[in-house]
Amino acid sequence: MKRKYLKTLLYSSLFLGTAIVTSCTKDFDEMNAPWKDAQTADIKSLFNGVVASLELGAQEQATSNTWIYPITQLATTVGNSAYSRQNAANELWENYYRALISIRLTEKLINESPDKAKYQNLQAMLTILKAYKTFKMTDIFGDIPYTEAGKADQGPNNYRAAFDSQKSIYESLLNDLKTAVASLTSSSDQISIGASESLLNSDIALWKKFGNSLRLRYALRMSDANGTVAATHVQEALALPLLENIENIGLTPAVQNFTGEWREWSFHAGIYLRMGSTAWEMLSNNNNKDGSGIFDPRAKIFFETNAKNEWTPKPQNVAMSDGGEPYNRRRDDDWSDKGAGNLLSNVNYYFGRDKNIPELIITAAEVYFLKAEAAARGIGSSANLAAAKTEYENGVKSSINFWTTMAMKSVVWKENKPTSLPSAAQLNTILANPKVAFSTSASTTNALKLIYAQRWLDNFRQPYEAWSLLRQTDATPKATLSDNLYENDFGIIKRLNYAEKEYQYNLDNVNAVTKKMDINDWQKTRVWWDVK
């Protein structure tokens, strides 16, 4: 599908009904005015428009590759990127509030329908999507407009929405997830859009697992800030069906019909992304340039050698330049042509090149790690390191198998492509490696360090999630060598600033949250649940 057609499909789905007037807007009021053709909207197209809005944007991905990866230390950068994080902030803000308007309209159409009771499942699925998108936004920005947002069709008084606290958003959304999952039913009287439901193909059992797993993720995330409420949600979620085995939620071009072309652009436009020493030390026993120290197959899936076919990580927190063009498409014909100046190992070329690798929301491996965290910390039940070890090891195996499967299924992947999944014996060898091995006699702190490290690795193509994990725990892998590069350029960033238009047209409400703090200082301010 061509990009122009995709954008037409997305915008028609999102805007048909309530969406805001876009590129030619002259002020904020106009931008938030309801679309003139509201009467032509239908529930099916609006719902799938919300699903389409889950696709990662160009600026979101570019910021990921230039800022979020080095913040999390999943990878690192070379040179000095002048790329502005504000580009991603503006894009994320616009995407979310366009989608929220469509969500509000869909809810209105369902509530006003004479068949309202028959839309119970679709309403629940919509609530789960709304919760995920809103959690993602508040994790990036902190307090955001939510309760009063997306209601421009109700009149001018709703054009400038007040901000909700992140605490209230979290508590509200967790309750919404609980209610939504409980209302999902297999009753035959439900109106189903069947295969036209473009995320999970109307698989009600999988939707339940999706909602429960999100509930577990976000309840644990807020557990240090609001332990009592979090513990209740964790306990209830653990007793419900959760994602497992090969149940991974995300967008796949063949199913959701998107092109993913901005992914390639985000790699090719900025050639700065490289393998850092932090990730390398998690995947290899030594620094042998021939790769003989690699014990985890994800090393060769996530990363690749330099132009000399050597494994050469960049020291994570040391300023260093590098050349070559490791993400240039000419490598389709000559994989080894990374450019003579490429002296450091790169992120695997195929992650940018292959548009069929899914854009992940939550994986089964992450759910195992969440269960391990809950067991180790004693949240929702008594602390149990034996149970934590079982879930942790399930998570490691699930992650390795998932990423190996992604490489095996890749259409364009040619070099260093795995041909089979690791055997049970190979997986057990990895689990026994000193860098991975989980001991039930270890301290809770050390157990959690292992759990967070492996969840961090599994988040390799979800760097914003890894960023949230870093801020929540302050226990993800970090380089021990540190000049001031990391803290001054990356570690100080605790959130993204609000969209520029919000400062322009909703300044009173912005100031009520930021207390008129300078934007350079505001991005250094921790979000509500970041209390470590």
# chains A, B, ... in the order shown; residues from 1 in each chain; ligands from 1
>>> select_by_dssp(residues="range 253-282 of chain A", states="alpha helix (DSSP H)", output="compact mmCIF listing (two decimals) with C-alpha atoms, in the first residue's frame")
# COMPACT_ATOMS: atom_id res chain seq x y z
CA PRO A 253 1.33 -5.05 8.10
CA ALA A 254 -0.25 -8.16 6.58
CA VAL A 255 -3.11 -7.97 9.08
CA GLN A 256 -3.57 -4.29 9.91
CA GLU A 261 7.67 2.78 5.74
CA TRP A 262 8.48 5.38 8.41
CA ARG A 263 10.36 2.66 10.23
CA GLU A 264 12.95 2.44 7.46
CA TRP A 265 13.13 6.23 7.20
CA SER A 266 13.80 6.55 10.93
CA PHE A 267 16.87 4.33 10.56
CA HIS A 268 18.08 5.64 7.22
CA SER A 277 28.43 -1.75 25.52
CA THR A 278 25.50 -2.04 27.95
CA ALA A 279 23.48 -4.38 25.73
CA TRP A 280 26.60 -6.16 24.48
CA GLU A 281 27.62 -7.09 28.03
CA MET A 282 24.18 -8.64 28.56
>>> closest_atom_pairs(of="range 69-122 of chain A", to="range 298-315 of chain A", cutoff="10 Å", atoms="only C-alpha atoms", output="tab-separated table")
residue	atom	partner	partner_atom	distance
A:Leu74	CA	A:Phe302	CA	9.9
A:Ala75	CA	A:Lys314	CA	9.1
A:Thr76	CA	A:Lys314	CA	7.4
A:Thr77	CA	A:Lys314	CA	8.4
A:Val78	CA	A:Lys314	CA	8.4
>>> write_last_selection(atoms="C-alpha atoms", output="CSV table (one decimal), in the first residue's frame")
chain,number,residue,atom,x,y,z
A,74,LEU,CA,19.3,-0.5,24.8
A,75,ALA,CA,21.5,1.0,22.1
A,76,THR,CA,23.6,4.1,21.7
A,77,THR,CA,24.3,6.9,19.3
A,78,VAL,CA,27.4,8.4,17.6
>>> residues_around(residues="Ile128 in chain A", least_positions_apart="4", cutoff="7 Å", atoms="only C-alpha atoms", output="PDB file with N, CA and C atoms, in the first residue's frame")
ATOM      1  N   ALA A 124     -16.303  -2.769  24.919  1.00  0.00           N
ATOM      2  CA  ALA A 124     -15.230  -3.233  25.796  1.00  0.00           C
ATOM      3  C   ALA A 124     -13.884  -3.193  25.082  1.00  0.00           C
ATOM      4  N   TYR A 132      -5.041   1.667  26.622  1.00  0.00           N
ATOM      5  CA  TYR A 132      -3.642   1.514  26.186  1.00  0.00           C
ATOM      6  C   TYR A 132      -3.088   2.832  25.653  1.00  0.00           C
ATOM      7  N   LEU A 177     -10.292  -1.030  32.660  1.00  0.00           N
ATOM      8  CA  LEU A 177      -9.847  -2.319  32.127  1.00  0.00           C
ATOM      9  C   LEU A 177     -10.551  -3.473  32.835  1.00  0.00           C
ATOM     10  N   ALA A 180     -14.136  -3.534  31.535  1.00  0.00           N
ATOM     11  CA  ALA A 180     -14.203  -3.910  30.124  1.00  0.00           C
ATOM     12  C   ALA A 180     -14.010  -5.408  29.943  1.00  0.00           C
ATOM     13  N   GLY A 211      -6.473  -7.279  27.747  1.00  0.00           N
ATOM     14  CA  GLY A 211      -6.893  -6.328  28.773  1.00  0.00           C
ATOM     15  C   GLY A 211      -6.327  -6.661  30.144  1.00  0.00           C
TER      16      GLY A 211
END
>>> closest_atom_pairs(of="range 63-151 of chain A", to="range 465-486 of chain A", cutoff="8 Å", atoms="only C-alpha atoms", output="Markdown table")
| residue | atom | partner | partner_atom | distance |
| --- | --- | --- | --- | --- |
| A:Ile68 | CA | A:Trp467 | CA | 7.0 |
| A:Ile71 | CA | A:Trp467 | CA | 7.1 |
| A:Thr72 | CA | A:Trp467 | CA | 5.4 |
| A:Gln73 | CA | A:Lys478 | CA | 6.6 |
| A:Asp139 | CA | A:Ser468 | CA | 6.8 |
>>> residues_around(residues="range 218-234 of chain A", least_positions_apart="5", cutoff="7 Å", atoms="only C-alpha atoms", output="ChimeraX atom specification")
/A:379-380,472,529,531
>>> write_last_selection(atoms="C-alpha atoms", output="PDB file, in the first residue's frame")
ATOM      1  CA  ILE A 379       2.612  -7.777  45.322  1.00  0.00           C
ATOM      2  CA  GLY A 380      -0.816  -9.390  45.120  1.00  0.00           C
ATOM      3  CA  GLN A 472       9.896   3.022  37.363  1.00  0.00           C
ATOM      4  CA  TRP A 529       4.806   7.083  39.469  1.00  0.00           C
ATOM      5  CA  VAL A 531       9.468   7.792  42.771  1.00  0.00           C
TER       6      VAL A 531
END
>>> closest_atom_pairs(of="range 114-173 of chain A", to="range 81-101 of chain A", cutoff="9 Å", atoms="only C-alpha atoms", output="Markdown table")
| residue | atom | partner | partner_atom | distance |
| --- | --- | --- | --- | --- |
| A:Lys130 | CA | A:Leu100 | CA | 7.4 |
| A:Lys133 | CA | A:Tyr96 | CA | 7.0 |
| A:Thr134 | CA | A:Tyr96 | CA | 7.8 |
| A:Met137 | CA | A:Tyr96 | CA | 7.6 |
| A:Ile140 | CA | A:Ala89 | CA | 8.8 |
| A:Phe141 | CA | A:Ala89 | CA | 8.5 |
| A:Tyr146 | CA | A:Leu100 | CA | 8.8 |
| A:Ala149 | CA | A:Tyr97 | CA | 7.6 |
| A:Gly150 | CA | A:Ile101 | CA | 4.3 |
| A:Lys151 | CA | A:Ile101 | CA | 6.6 |
| A:Ala152 | CA | A:Ile101 | CA | 7.9 |
| A:Asp153 | CA | A:Ile101 | CA | 8.8 |
>>> closest_residue(among="A:Trp528, A:Ser165, A:Asn248, A:Gly291", to="Ser398 in chain A", atoms="only C-alpha atoms")
A:Asn248
>>> closest_residue(among="A:Lys397, A:Ala365, A:Asp521, A:Val513", to="Phe163 in chain A", atoms="only C-alpha atoms")
A:Val513
>>> decode(residues="range 89-103 of chain A", atoms="all heavy atoms", output="PDB file, in the first residue's frame")
ATOM      1  N   ALA A  89       6.887  14.880  20.309  1.00  0.00           N
ATOM      2  CA  ALA A  89       5.848  15.338  21.232  1.00  0.00           C
ATOM      3  C   ALA A  89       4.639  15.860  20.465  1.00  0.00           C
ATOM      4  O   ALA A  89       3.486  15.529  20.771  1.00  0.00           O
ATOM      5  CB  ALA A  89       6.404  16.413  22.159  1.00  0.00           C
ATOM      6  N   ASN A  90       4.894  16.685  19.459  1.00  0.00           N
ATOM      7  CA  ASN A  90       3.789  17.244  18.661  1.00  0.00           C
ATOM      8  C   ASN A  90       3.013  16.139  17.957  1.00  0.00           C
ATOM      9  O   ASN A  90       1.781  16.161  17.911  1.00  0.00           O
ATOM     10  CB  ASN A  90       4.345  18.229  17.635  1.00  0.00           C
ATOM     11  CG  ASN A  90       4.969  19.456  18.269  1.00  0.00           C
ATOM     12  OD1 ASN A  90       4.698  19.787  19.426  1.00  0.00           O
ATOM     13  ND2 ASN A  90       5.820  20.142  17.524  1.00  0.00           N
ATOM     14  N   GLU A  91       3.730  15.197  17.371  1.00  0.00           N
ATOM     15  CA  GLU A  91       3.074  14.127  16.618  1.00  0.00           C
ATOM     16  C   GLU A  91       2.279  13.198  17.527  1.00  0.00           C
ATOM     17  O   GLU A  91       1.133  12.844  17.225  1.00  0.00           O
ATOM     18  CB  GLU A  91       4.134  13.327  15.857  1.00  0.00           C
ATOM     19  CG  GLU A  91       3.574  12.174  15.037  1.00  0.00           C
ATOM     20  CD  GLU A  91       4.682  11.362  14.412  1.00  0.00           C
ATOM     21  OE1 GLU A  91       5.411  10.657  15.157  1.00  0.00           O
ATOM     22  OE2 GLU A  91       4.839  11.428  13.171  1.00  0.00           O
ATOM     23  N   LEU A  92       2.874  12.794  18.647  1.00  0.00           N
ATOM     24  CA  LEU A  92       2.170  11.930  19.587  1.00  0.00           C
ATOM     25  C   LEU A  92       0.899  12.590  20.108  1.00  0.00           C
ATOM     26  O   LEU A  92      -0.158  11.955  20.230  1.00  0.00           O
ATOM     27  CB  LEU A  92       3.092  11.587  20.766  1.00  0.00           C
ATOM     28  CG  LEU A  92       4.192  10.570  20.500  1.00  0.00           C
ATOM     29  CD1 LEU A  92       5.294  10.681  21.550  1.00  0.00           C
ATOM     30  CD2 LEU A  92       3.612   9.158  20.496  1.00  0.00           C
ATOM     31  N   TRP A  93       0.997  13.870  20.414  1.00  0.00           N
ATOM     32  CA  TRP A  93      -0.143  14.628  20.945  1.00  0.00           C
ATOM     33  C   TRP A  93      -1.275  14.669  19.921  1.00  0.00           C
ATOM     34  O   TRP A  93      -2.431  14.393  20.237  1.00  0.00           O
ATOM     35  CB  TRP A  93       0.329  16.032  21.291  1.00  0.00           C
ATOM     36  CG  TRP A  93      -0.523  16.767  22.282  1.00  0.00           C
ATOM     37  CD1 TRP A  93      -1.528  17.646  22.005  1.00  0.00           C
ATOM     38  CD2 TRP A  93      -0.427  16.708  23.712  1.00  0.00           C
ATOM     39  NE1 TRP A  93      -2.056  18.141  23.175  1.00  0.00           N
ATOM     40  CE2 TRP A  93      -1.409  17.579  24.231  1.00  0.00           C
ATOM     41  CE3 TRP A  93       0.389  16.012  24.585  1.00  0.00           C
ATOM     42  CZ2 TRP A  93      -1.582  17.764  25.611  1.00  0.00           C
ATOM     43  CZ3 TRP A  93       0.212  16.195  25.951  1.00  0.00           C
ATOM     44  CH2 TRP A  93      -0.766  17.060  26.443  1.00  0.00           C
ATOM     45  N   GLU A  94      -0.925  14.983  18.679  1.00  0.00           N
ATOM     46  CA  GLU A  94      -1.934  15.095  17.638  1.00  0.00           C
ATOM     47  C   GLU A  94      -2.580  13.749  17.353  1.00  0.00           C
ATOM     48  O   GLU A  94      -3.806  13.648  17.217  1.00  0.00           O
ATOM     49  CB  GLU A  94      -1.293  15.656  16.365  1.00  0.00           C
ATOM     50  CG  GLU A  94      -2.288  15.995  15.272  1.00  0.00           C
ATOM     51  CD  GLU A  94      -1.649  16.758  14.123  1.00  0.00           C
ATOM     52  OE1 GLU A  94      -0.579  17.375  14.328  1.00  0.00           O
ATOM     53  OE2 GLU A  94      -2.217  16.730  13.027  1.00  0.00           O
ATOM     54  N   ASN A  95      -1.768  12.694  17.292  1.00  0.00           N
ATOM     55  CA  ASN A  95      -2.305  11.359  17.032  1.00  0.00           C
ATOM     56  C   ASN A  95      -3.284  10.944  18.123  1.00  0.00           C
ATOM     57  O   ASN A  95      -4.383  10.441  17.842  1.00  0.00           O
ATOM     58  CB  ASN A  95      -1.157  10.347  16.951  1.00  0.00           C
ATOM     59  CG  ASN A  95      -1.631   8.904  16.903  1.00  0.00           C
ATOM     60  OD1 ASN A  95      -2.054   8.340  17.912  1.00  0.00           O
ATOM     61  ND2 ASN A  95      -1.540   8.292  15.743  1.00  0.00           N
ATOM     62  N   TYR A  96      -2.910  11.166  19.369  1.00  0.00           N
ATOM     63  CA  TYR A  96      -3.751  10.717  20.478  1.00  0.00           C
ATOM     64  C   TYR A  96      -5.084  11.449  20.508  1.00  0.00           C
ATOM     65  O   TYR A  96      -6.146  10.821  20.645  1.00  0.00           O
ATOM     66  CB  TYR A  96      -3.020  10.918  21.809  1.00  0.00           C
ATOM     67  CG  TYR A  96      -3.904  10.626  23.009  1.00  0.00           C
ATOM     68  CD1 TYR A  96      -4.268   9.331  23.314  1.00  0.00           C
ATOM     69  CD2 TYR A  96      -4.399  11.664  23.803  1.00  0.00           C
ATOM     70  CE1 TYR A  96      -5.101   9.055  24.399  1.00  0.00           C
ATOM     71  CE2 TYR A  96      -5.221  11.402  24.889  1.00  0.00           C
ATOM     72  CZ  TYR A  96      -5.571  10.095  25.181  1.00  0.00           C
ATOM     73  OH  TYR A  96      -6.402   9.833  26.251  1.00  0.00           O
ATOM     74  N   TYR A  97      -5.051  12.764  20.383  1.00  0.00           N
ATOM     75  CA  TYR A  97      -6.300  13.499  20.532  1.00  0.00           C
ATOM     76  C   TYR A  97      -7.208  13.355  19.316  1.00  0.00           C
ATOM     77  O   TYR A  97      -8.436  13.421  19.441  1.00  0.00           O
ATOM     78  CB  TYR A  97      -6.018  14.958  20.908  1.00  0.00           C
ATOM     79  CG  TYR A  97      -5.552  15.019  22.342  1.00  0.00           C
ATOM     80  CD1 TYR A  97      -4.215  15.231  22.659  1.00  0.00           C
ATOM     81  CD2 TYR A  97      -6.438  14.761  23.390  1.00  0.00           C
ATOM     82  CE1 TYR A  97      -3.776  15.218  23.979  1.00  0.00           C
ATOM     83  CE2 TYR A  97      -6.011  14.750  24.708  1.00  0.00           C
ATOM     84  CZ  TYR A  97      -4.684  14.974  24.999  1.00  0.00           C
ATOM     85  OH  TYR A  97      -4.268  14.940  26.301  1.00  0.00           O
ATOM     86  N   ARG A  98      -6.644  13.114  18.148  1.00  0.00           N
ATOM     87  CA  ARG A  98      -7.496  12.764  17.010  1.00  0.00           C
ATOM     88  C   ARG A  98      -8.199  11.443  17.278  1.00  0.00           C
ATOM     89  O   ARG A  98      -9.397  11.292  17.046  1.00  0.00           O
ATOM     90  CB  ARG A  98      -6.654  12.656  15.738  1.00  0.00           C
ATOM     91  CG  ARG A  98      -6.174  13.974  15.159  1.00  0.00           C
ATOM     92  CD  ARG A  98      -5.261  13.717  13.979  1.00  0.00           C
ATOM     93  NE  ARG A  98      -4.875  14.948  13.314  1.00  0.00           N
ATOM     94  CZ  ARG A  98      -3.994  15.012  12.331  1.00  0.00           C
ATOM     95  NH1 ARG A  98      -3.410  13.902  11.915  1.00  0.00           N
ATOM     96  NH2 ARG A  98      -3.695  16.168  11.766  1.00  0.00           N
ATOM     97  N   ALA A  99      -7.432  10.465  17.752  1.00  0.00           N
ATOM     98  CA  ALA A  99      -8.010   9.160  18.041  1.00  0.00           C
ATOM     99  C   ALA A  99      -9.031   9.243  19.164  1.00  0.00           C
ATOM    100  O   ALA A  99     -10.078   8.579  19.120  1.00  0.00           O
ATOM    101  CB  ALA A  99      -6.908   8.165  18.392  1.00  0.00           C
ATOM    102  N   LEU A 100      -8.739  10.057  20.197  1.00  0.00           N
ATOM    103  CA  LEU A 100      -9.669  10.176  21.318  1.00  0.00           C
ATOM    104  C   LEU A 100     -11.002  10.747  20.867  1.00  0.00           C
ATOM    105  O   LEU A 100     -12.072  10.332  21.356  1.00  0.00           O
ATOM    106  CB  LEU A 100      -9.051  11.048  22.414  1.00  0.00           C
ATOM    107  CG  LEU A 100      -9.856  11.147  23.718  1.00  0.00           C
ATOM    108  CD1 LEU A 100     -10.045   9.775  24.352  1.00  0.00           C
ATOM    109  CD2 LEU A 100      -9.168  12.102  24.700  1.00  0.00           C
ATOM    110  N   ILE A 101     -10.968  11.688  19.939  1.00  0.00           N
ATOM    111  CA  ILE A 101     -12.214  12.232  19.400  1.00  0.00           C
ATOM    112  C   ILE A 101     -13.025  11.122  18.735  1.00  0.00           C
ATOM    113  O   ILE A 101     -14.242  11.003  18.930  1.00  0.00           O
ATOM    114  CB  ILE A 101     -11.925  13.376  18.411  1.00  0.00           C
ATOM    115  CG1 ILE A 101     -11.382  14.594  19.163  1.00  0.00           C
ATOM    116  CG2 ILE A 101     -13.177  13.775  17.645  1.00  0.00           C
ATOM    117  CD1 ILE A 101     -10.844  15.683  18.263  1.00  0.00           C
ATOM    118  N   SER A 102     -12.360  10.281  17.954  1.00  0.00           N
ATOM    119  CA  SER A 102     -13.056   9.177  17.303  1.00  0.00           C
ATOM    120  C   SER A 102     -13.576   8.162  18.317  1.00  0.00           C
ATOM    121  O   SER A 102     -14.648   7.596  18.145  1.00  0.00           O
ATOM    122  CB  SER A 102     -12.117   8.486  16.304  1.00  0.00           C
ATOM    123  OG  SER A 102     -11.902   9.295  15.177  1.00  0.00           O
ATOM    124  N   ILE A 103     -12.810   7.944  19.383  1.00  0.00           N
ATOM    125  CA  ILE A 103     -13.265   7.041  20.436  1.00  0.00           C
ATOM    126  C   ILE A 103     -14.527   7.587  21.095  1.00  0.00           C
ATOM    127  O   ILE A 103     -15.502   6.861  21.310  1.00  0.00           O
ATOM    128  CB  ILE A 103     -12.152   6.848  21.486  1.00  0.00           C
ATOM    129  CG1 ILE A 103     -11.006   6.024  20.890  1.00  0.00           C
ATOM    130  CG2 ILE A 103     -12.701   6.168  22.748  1.00  0.00           C
ATOM    131  CD1 ILE A 103      -9.751   6.015  21.743  1.00  0.00           C
TER     132      ILE A 103
END
